[in-house]
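*Asks:* Input: one structure, supplied below.
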Protein chains: 2
Amino acid sequence: MNIDAALFDVFGTLTDWRTSVTRELAEIGGRAGLHADWAAVTDAWRRRYRPTLGRVVAGELPWQPLDDLHRLMLDEALTERGLDALTEADRDHLVRAWHRLRPWPDAPEGLERLHRSPVVTATLSNGGVGLLTRLAKRAGLRFDCILSAELARSYKPDQRVYRMAAELLDVEPHRLLMVACHPDDLEAAATAGLRTAYVPRPEWGPDAAPVPPPVNAGLVAADLIDLARILTESSGTGR
Amino acid sequence: MNIDAALFDVFGTLTDWRTSVTRELAEIGGRAGLHADWAAVTDAWRRRYRPTLGRVVAGELPWQPLDDLHRLMLDEALTERGLDALTEADRDHLVRAWHRLRPWPDAPEGLERLHRSPVVTATLSNGGVGLLTRLAKRAGLRFDCILSAELARSYKPDQRVYRMAAELLDVEPHRLLMVACHPDDLEAAATAGLRTAYVPRPEWGPDAAPVPPPVNAGLVAADLIDLARILTESSGTGR
């Protein structure tokens with residue numbers, strides 16, 4: 001597999017958003033004297049993610065930073081779960097929980113190994129540039145470059161996001177590999193001419209039904225260390 | 001000095017473009033059987049840099065990637081020095097010499113120390129995102145984020161470039177530090193509300209007159225290790 005750069009989805013593929021956000025919700029909610037199934041609140045928040053971003057891609061909502069959309073979705077989720085008592089400050093703090101996500105255990109080492117190879121590594125996430133930079137630094141996730149859908153003023157799976165990444169890195173789309181645990185992200189990347197790698201992750205928790213791997217994924221890796229092994233065994237000398 | 005992020009100029013401040021480019025010119029020119037004062041050719045190329053980028057900022061030339069402008073300036077410099085014999089392939093290779101610049105000896109260690117501090121580190125260069133990503137990976141220059149004037153579709157010292165960096169990192173301008181060996185870069189950053197740090201570099205070679213430090217630089221550091229010492233002794237806990 002001759003590729004020059006690998007692009008990584010972040011929420012789900014590299015980080016365990018459900019455990020991280022649930023922990024912060026439980027802490028903030030506990031301090032406010034509230035009781036709830038906090039994992040269910042996290043799920044209610046995250047379930048709004050794709051439909052809301054989809055409205056931006058479709059032009060029904062104006063483009064705005066992910067932090068602002070996260071706030072909108074959080075307000076709705078809290079109302080749905082009867083948690084309107086949380087203050088403005090609580091909500092602002094919770095929106096920034098997405099800047100503090102914890103990595104899956106294999107992600108730091110896998111990215112470090114790829115950094116030492118000729119393959120360029122970059123994020124390609126719906127998180128903003130500032131969010132991704134802080135998240136990566138805090139979580140010990142090493143990238144050669146931070147790329148965000150923000151730079152195309154859109155959101156994945158909009159084709160423009162993948163094409164922007166190829167253009168900014170100055171790499172042909174077929175020499176780029178999109179790595180994600182989300183079939184729709186990989187399908188959109190493939191449509192834009194990128195190669196694809198699927199990494200399964202239990203992002204919705206241990207009780208959720210496993211996602212079947214996408215039929216057309218170029219490769220499937222067990223985790224980031226496995227992906228690094230596959231790519232460094234097969235990569236060329238880069239550019 | 002309470003800052004959240006430090007932004008680094010690259011050509012001159014972190015890398016020794018003159019030695020790096022002269023070496024590649026001498027190699028390519030030698031293979032073509034040409035004789036010249038190759039350092040003088042490098043200087044003739046680089047002297048066209050500010051005026052050419054200035055024409056883009058002023059709107060006299062349409063915005064285009066730095067590689068394309070480097071090619072334009074190289075063609076002019078080669079004609080000026082009677083070196084028209086260099087081929088298209090030679091010229092394309094030489095334009096990419098700017099992707100392969102060598103760092104000043106203190107730069108990798110200084111950036112590594114800053115990476116381990118709460119201060120976010122990023123490039124803020126006129127080089128493109130792809131150029132900077134490859135240069136940093138090859139030279140062992142560690143950044144938390146790659147930012148380029150390309151993302152504002154302009155060039156420093158246009159104010160829009162500094163404001164774009166503050167916006168993308170989601171950091172107030174007065175919590176950002178611009179680090180450069182070029183007084184005009186620092187003056188423009190200060191006008192945009194950023195703090196400034198001057199690092200003197202012998203970028204035009206040992207025989208060039210030293211640049212007097214800018215009168216209003218917020219701080220002056222001897223090199224990147226000195227800068228890391230100053231910032232890590234005085235930085236807060238970040239965000």
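For the structure tokens, the naming scheme is as follows: chains receive sequential letters (A, B, ...) according to their order of presentation, residues are indexed from 1 within each chain, and ligands are indexed from 1 in presentation order.
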Find the residues in chain B near chain A: any atom within 7 Å counts, using only C-alpha atoms. Write them as number ranges by chain.

*Replies:* B: 129-130, 133, 137, 144-146, 168-170

*Asks:* Would you save the residues from that selection as a PDB file, in the first residue's frame, using C-alpha atoms?

*Replies:*
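Written out: again_37.pdb:
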ATOM      1  CA  VAL B 129       0.752  23.296   5.015  1.00  0.00           C
ATOM      2  CA  GLY B 130       2.251  20.394   3.030  1.00  0.00           C
ATOM      3  CA  THR B 133       4.484  19.271   7.525  1.00  0.00           C
ATOM      4  CA  LYS B 137       8.899  15.763  10.088  1.00  0.00           C
ATOM      5  CA  ASP B 144       1.465  20.696  18.281  1.00  0.00           C
ATOM      6  CA  CYS B 145      -0.116  22.268  15.191  1.00  0.00           C
ATOM      7  CA  ILE B 146       0.877  23.344  11.674  1.00  0.00           C
ATOM      8  CA  LEU B 168      -8.190  28.756  14.533  1.00  0.00           C
ATOM      9  CA  LEU B 169      -6.412  28.063  17.831  1.00  0.00           C
ATOM     10  CA  ASP B 170      -9.323  29.723  19.683  1.00  0.00           C
TER      11      ASP B 170
END

*Asks:* Taking 6 positions as the minimum chain separation for residues in the same chain, which residues sit within 10 Å of A:Ala6 when counting only C-alpha atoms? Answer as a count of residues only.

*Replies:* 18

*Asks:* Would you please work out which residue, of B:Thr232, B:Gly110, B:Tyr155, B:Arg201, is nearest to B:Leu61 when using only C-alpha atoms?

*Replies:*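 Among the listed residues, the smallest separation from B:Leu61 belongs to B:Tyr155.
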
*Asks:* Can you pull out every residue within 12 Å of B:Ala107, counting only C-alpha atoms, but drop anything in the same chain fewer than 4 positions away, and send it as a VMD selection string?

*Replies:* chain B and resid 8 to 10 12 to 16 102 to 103 111 to 114 136 139 to 143 199 201 222 to 228

*Asks:* Generate a file of the selected residues that holds C-alpha atoms, formatted as an mmCIF file, in the first residue's frame.

*Replies:*
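Saved result, result-v1.cif, follows:
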data_model
loop_
_atom_site.group_PDB
_atom_site.id
_atom_site.type_symbol
_atom_site.label_atom_id
_atom_site.label_comp_id
_atom_site.auth_asym_id
_atom_site.auth_seq_id
_atom_site.Cartn_x
_atom_site.Cartn_y
_atom_site.Cartn_z
ATOM 1 C CA PHE B 8 7.033 30.156 15.042
ATOM 2 C CA ASP B 9 8.362 31.658 11.879
ATOM 3 C CA VAL B 10 10.228 28.858 10.044
ATOM 4 C CA GLY B 12 15.330 31.803 9.065
ATOM 5 C CA THR B 13 14.030 31.499 12.621
ATOM 6 C CA LEU B 14 14.067 27.696 12.867
ATOM 7 C CA THR B 15 15.920 26.688 9.711
ATOM 8 C CA ASP B 16 19.142 27.709 7.985
ATOM 9 C CA ARG B 102 17.916 21.879 7.880
ATOM 10 C CA PRO B 103 17.162 23.233 11.358
ATOM 11 C CA LEU B 111 10.653 22.814 20.480
ATOM 12 C CA GLU B 112 10.631 19.430 22.228
ATOM 13 C CA ARG B 113 10.938 21.176 25.615
ATOM 14 C CA LEU B 114 8.106 23.545 24.762
ATOM 15 C CA ALA B 136 9.054 19.563 10.290
ATOM 16 C CA ALA B 139 14.029 18.112 10.383
ATOM 17 C CA GLY B 140 12.764 16.686 13.698
ATOM 18 C CA LEU B 141 10.936 19.908 14.571
ATOM 19 C CA ARG B 142 8.016 19.018 16.816
ATOM 20 C CA PHE B 143 4.881 21.182 16.728
ATOM 21 C CA VAL B 199 15.546 35.343 18.230
ATOM 22 C CA ARG B 201 19.844 34.347 13.542
ATOM 23 C CA ALA B 222 19.451 33.799 22.456
ATOM 24 C CA ASP B 223 18.052 30.659 20.791
ATOM 25 C CA LEU B 224 15.169 28.173 21.082
ATOM 26 C CA ILE B 225 16.524 26.477 24.206
ATOM 27 C CA ASP B 226 16.784 29.884 25.878
ATOM 28 C CA LEU B 227 13.225 30.671 24.753
ATOM 29 C CA ALA B 228 11.944 27.359 26.175
#

*Asks:* To test your reading of the structure, identify every residue in stretch 159-235 of chain A that backbone DSSP assigns to strand (DSSP E or B), and report it as a PyMOL selection string.

*Replies:* chain A and resi 176-180+195-198+219-220

*Asks:* For the selection just defined, write its residues with N, CA, C and O atoms to a file, as a PDB file, in the first residue's frame.

*Replies:*
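As a result, part-v9.pdb now contains:
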ATOM      1  N   LEU A 176      -3.488   8.966  -0.224  1.00  0.00           N
ATOM      2  CA  LEU A 176      -3.966   9.314   1.121  1.00  0.00           C
ATOM      3  C   LEU A 176      -4.815   8.170   1.663  1.00  0.00           C
ATOM      4  O   LEU A 176      -5.633   7.616   0.926  1.00  0.00           O
ATOM      5  N   LEU A 177      -4.646   7.870   2.954  1.00  0.00           N
ATOM      6  CA  LEU A 177      -5.430   6.819   3.595  1.00  0.00           C
ATOM      7  C   LEU A 177      -6.298   7.433   4.693  1.00  0.00           C
ATOM      8  O   LEU A 177      -5.775   8.071   5.605  1.00  0.00           O
ATOM      9  N   MET A 178      -7.613   7.243   4.597  1.00  0.00           N
ATOM     10  CA  MET A 178      -8.513   7.688   5.662  1.00  0.00           C
ATOM     11  C   MET A 178      -8.722   6.535   6.636  1.00  0.00           C
ATOM     12  O   MET A 178      -9.076   5.441   6.223  1.00  0.00           O
ATOM     13  N   VAL A 179      -8.477   6.795   7.928  1.00  0.00           N
ATOM     14  CA  VAL A 179      -8.603   5.763   8.962  1.00  0.00           C
ATOM     15  C   VAL A 179      -9.761   6.139   9.881  1.00  0.00           C
ATOM     16  O   VAL A 179      -9.757   7.234  10.459  1.00  0.00           O
ATOM     17  N   ALA A 180     -10.741   5.248  10.008  1.00  0.00           N
ATOM     18  CA  ALA A 180     -11.909   5.573  10.841  1.00  0.00           C
ATOM     19  C   ALA A 180     -12.617   4.310  11.293  1.00  0.00           C
ATOM     20  O   ALA A 180     -12.441   3.236  10.705  1.00  0.00           O
ATOM     21  N   ARG A 195      -7.835   6.141  -0.245  1.00  0.00           N
ATOM     22  CA  ARG A 195      -7.828   4.762   0.237  1.00  0.00           C
ATOM     23  C   ARG A 195      -8.438   4.766   1.640  1.00  0.00           C
ATOM     24  O   ARG A 195      -8.513   5.825   2.283  1.00  0.00           O
ATOM     25  N   THR A 196      -8.843   3.587   2.126  1.00  0.00           N
ATOM     26  CA  THR A 196      -9.535   3.543   3.419  1.00  0.00           C
ATOM     27  C   THR A 196      -9.046   2.404   4.309  1.00  0.00           C
ATOM     28  O   THR A 196      -8.683   1.337   3.821  1.00  0.00           O
ATOM     29  N   ALA A 197      -9.054   2.666   5.610  1.00  0.00           N
ATOM     30  CA  ALA A 197      -8.739   1.632   6.608  1.00  0.00           C
ATOM     31  C   ALA A 197      -9.787   1.701   7.716  1.00  0.00           C
ATOM     32  O   ALA A 197     -10.041   2.773   8.265  1.00  0.00           O
ATOM     33  N   TYR A 198     -10.344   0.549   8.038  1.00  0.00           N
ATOM     34  CA  TYR A 198     -11.366   0.466   9.078  1.00  0.00           C
ATOM     35  C   TYR A 198     -10.751  -0.096  10.357  1.00  0.00           C
ATOM     36  O   TYR A 198     -10.036  -1.096  10.323  1.00  0.00           O
ATOM     37  N   LEU A 219      -8.544  -1.774   3.870  1.00  0.00           N
ATOM     38  CA  LEU A 219      -7.952  -2.700   4.840  1.00  0.00           C
ATOM     39  C   LEU A 219      -8.676  -2.569   6.165  1.00  0.00           C
ATOM     40  O   LEU A 219      -9.329  -1.564   6.431  1.00  0.00           O
ATOM     41  N   VAL A 220      -8.555  -3.613   6.973  1.00  0.00           N
ATOM     42  CA  VAL A 220      -9.126  -3.626   8.318  1.00  0.00           C
ATOM     43  C   VAL A 220      -7.987  -3.899   9.280  1.00  0.00           C
ATOM     44  O   VAL A 220      -7.211  -4.833   9.067  1.00  0.00           O
TER      45      VAL A 220
END

*Asks:* Within 12 Å of A:Arg153, counting only C-alpha atoms, which residues show up once you throw out same-chain ones fewer than 6 positions away? Write them as a PyMOL selection string, please.

*Replies:* (chain A and resi 53+56-57+59+62-66+126-129+147+159-161+164) or (chain B and resi 151+168)

*Asks:* Find the residues around A:Leu72 up to 12 Å (only C-alpha atoms counted), leave out those fewer than 4 positions away in its own chain, and share them as a ChimeraX atom specification.

*Replies:* /A:45-46,48-49,52-53,61,64-68,76-79,91-92,94-95

*Asks:* Keeping only N, CA, C and O atoms, write those residues as a PDB file, in the first residue's frame.

*Replies:*
ATOM      1  N   TRP A  45     -26.776  12.955  23.927  1.00  0.00           N
ATOM      2  CA  TRP A  45     -26.027  14.085  23.350  1.00  0.00           C
ATOM      3  C   TRP A  45     -25.421  13.679  21.997  1.00  0.00           C
ATOM      4  O   TRP A  45     -25.613  14.338  20.981  1.00  0.00           O
ATOM      5  N   ARG A  46     -24.720  12.546  22.011  1.00  0.00           N
ATOM      6  CA  ARG A  46     -23.996  12.112  20.818  1.00  0.00           C
ATOM      7  C   ARG A  46     -24.934  11.691  19.686  1.00  0.00           C
ATOM      8  O   ARG A  46     -24.583  11.818  18.507  1.00  0.00           O
ATOM      9  N   ARG A  48     -27.414  13.152  18.695  1.00  0.00           N
ATOM     10  CA  ARG A  48     -27.794  14.349  17.935  1.00  0.00           C
ATOM     11  C   ARG A  48     -26.699  14.810  16.966  1.00  0.00           C
ATOM     12  O   ARG A  48     -26.905  15.732  16.172  1.00  0.00           O
ATOM     13  N   TYR A  49     -25.513  14.191  17.049  1.00  0.00           N
ATOM     14  CA  TYR A  49     -24.326  14.682  16.339  1.00  0.00           C
ATOM     15  C   TYR A  49     -24.474  14.600  14.803  1.00  0.00           C
ATOM     16  O   TYR A  49     -24.416  15.619  14.111  1.00  0.00           O
ATOM     17  N   THR A  52     -27.371  16.723  13.306  1.00  0.00           N
ATOM     18  CA  THR A  52     -27.111  18.171  13.388  1.00  0.00           C
ATOM     19  C   THR A  52     -26.050  18.585  12.378  1.00  0.00           C
ATOM     20  O   THR A  52     -26.208  19.571  11.648  1.00  0.00           O
ATOM     21  N   LEU A  53     -24.937  17.839  12.316  1.00  0.00           N
ATOM     22  CA  LEU A  53     -23.899  18.158  11.331  1.00  0.00           C
ATOM     23  C   LEU A  53     -24.438  17.991   9.909  1.00  0.00           C
ATOM     24  O   LEU A  53     -24.083  18.757   9.009  1.00  0.00           O
ATOM     25  N   LEU A  61     -28.511  24.680   8.241  1.00  0.00           N
ATOM     26  CA  LEU A  61     -27.957  25.481   9.340  1.00  0.00           C
ATOM     27  C   LEU A  61     -26.696  26.149   8.805  1.00  0.00           C
ATOM     28  O   LEU A  61     -25.955  25.527   8.042  1.00  0.00           O
ATOM     29  N   GLN A  64     -20.945  26.679  11.657  1.00  0.00           N
ATOM     30  CA  GLN A  64     -20.493  27.273  12.916  1.00  0.00           C
ATOM     31  C   GLN A  64     -19.550  26.292  13.578  1.00  0.00           C
ATOM     32  O   GLN A  64     -19.535  25.116  13.232  1.00  0.00           O
ATOM     33  N   PRO A  65     -18.714  26.793  14.520  1.00  0.00           N
ATOM     34  CA  PRO A  65     -17.735  25.900  15.141  1.00  0.00           C
ATOM     35  C   PRO A  65     -18.422  24.741  15.858  1.00  0.00           C
ATOM     36  O   PRO A  65     -19.544  24.887  16.358  1.00  0.00           O
ATOM     37  N   LEU A  66     -17.731  23.595  15.926  1.00  0.00           N
ATOM     38  CA  LEU A  66     -18.318  22.418  16.556  1.00  0.00           C
ATOM     39  C   LEU A  66     -18.684  22.700  18.005  1.00  0.00           C
ATOM     40  O   LEU A  66     -19.690  22.178  18.497  1.00  0.00           O
ATOM     41  N   ASP A  67     -17.893  23.517  18.723  1.00  0.00           N
ATOM     42  CA  ASP A  67     -18.238  23.844  20.110  1.00  0.00           C
ATOM     43  C   ASP A  67     -19.661  24.425  20.195  1.00  0.00           C
ATOM     44  O   ASP A  67     -20.415  24.101  21.117  1.00  0.00           O
ATOM     45  N   ASP A  68     -20.015  25.284  19.264  1.00  0.00           N
ATOM     46  CA  ASP A  68     -21.344  25.894  19.287  1.00  0.00           C
ATOM     47  C   ASP A  68     -22.430  24.854  19.009  1.00  0.00           C
ATOM     48  O   ASP A  68     -23.498  24.876  19.625  1.00  0.00           O
ATOM     49  N   GLU A  76     -30.387  20.464  24.184  1.00  0.00           N
ATOM     50  CA  GLU A  76     -31.520  19.593  23.835  1.00  0.00           C
ATOM     51  C   GLU A  76     -31.497  18.291  24.642  1.00  0.00           C
ATOM     52  O   GLU A  76     -32.525  17.849  25.150  1.00  0.00           O
ATOM     53  N   ALA A  77     -30.316  17.706  24.761  1.00  0.00           N
ATOM     54  CA  ALA A  77     -30.195  16.415  25.467  1.00  0.00           C
ATOM     55  C   ALA A  77     -30.544  16.585  26.948  1.00  0.00           C
ATOM     56  O   ALA A  77     -31.199  15.723  27.539  1.00  0.00           O
ATOM     57  N   LEU A  78     -30.110  17.694  27.540  1.00  0.00           N
ATOM     58  CA  LEU A  78     -30.394  17.916  28.960  1.00  0.00           C
ATOM     59  C   LEU A  78     -31.901  18.107  29.192  1.00  0.00           C
ATOM     60  O   LEU A  78     -32.464  17.587  30.159  1.00  0.00           O
ATOM     61  N   THR A  79     -32.540  18.847  28.288  1.00  0.00           N
ATOM     62  CA  THR A  79     -33.996  19.021  28.397  1.00  0.00           C
ATOM     63  C   THR A  79     -34.692  17.667  28.269  1.00  0.00           C
ATOM     64  O   THR A  79     -35.565  17.326  29.068  1.00  0.00           O
ATOM     65  N   ARG A  91     -22.539  24.012  31.529  1.00  0.00           N
ATOM     66  CA  ARG A  91     -22.682  23.625  30.119  1.00  0.00           C
ATOM     67  C   ARG A  91     -21.439  23.999  29.305  1.00  0.00           C
ATOM     68  O   ARG A  91     -20.979  23.226  28.458  1.00  0.00           O
ATOM     69  N   ASP A  92     -20.887  25.202  29.576  1.00  0.00           N
ATOM     70  CA  ASP A  92     -19.652  25.604  28.885  1.00  0.00           C
ATOM     71  C   ASP A  92     -18.525  24.622  29.200  1.00  0.00           C
ATOM     72  O   ASP A  92     -17.748  24.239  28.321  1.00  0.00           O
ATOM     73  N   LEU A  94     -18.847  21.487  30.069  1.00  0.00           N
ATOM     74  CA  LEU A  94     -19.129  20.193  29.436  1.00  0.00           C
ATOM     75  C   LEU A  94     -18.822  20.209  27.942  1.00  0.00           C
ATOM     76  O   LEU A  94     -18.339  19.211  27.393  1.00  0.00           O
ATOM     77  N   VAL A  95     -19.096  21.326  27.279  1.00  0.00           N
ATOM     78  CA  VAL A  95     -18.772  21.413  25.845  1.00  0.00           C
ATOM     79  C   VAL A  95     -17.278  21.192  25.649  1.00  0.00           C
ATOM     80  O   VAL A  95     -16.846  20.526  24.707  1.00  0.00           O
TER      81      VAL A  95
END
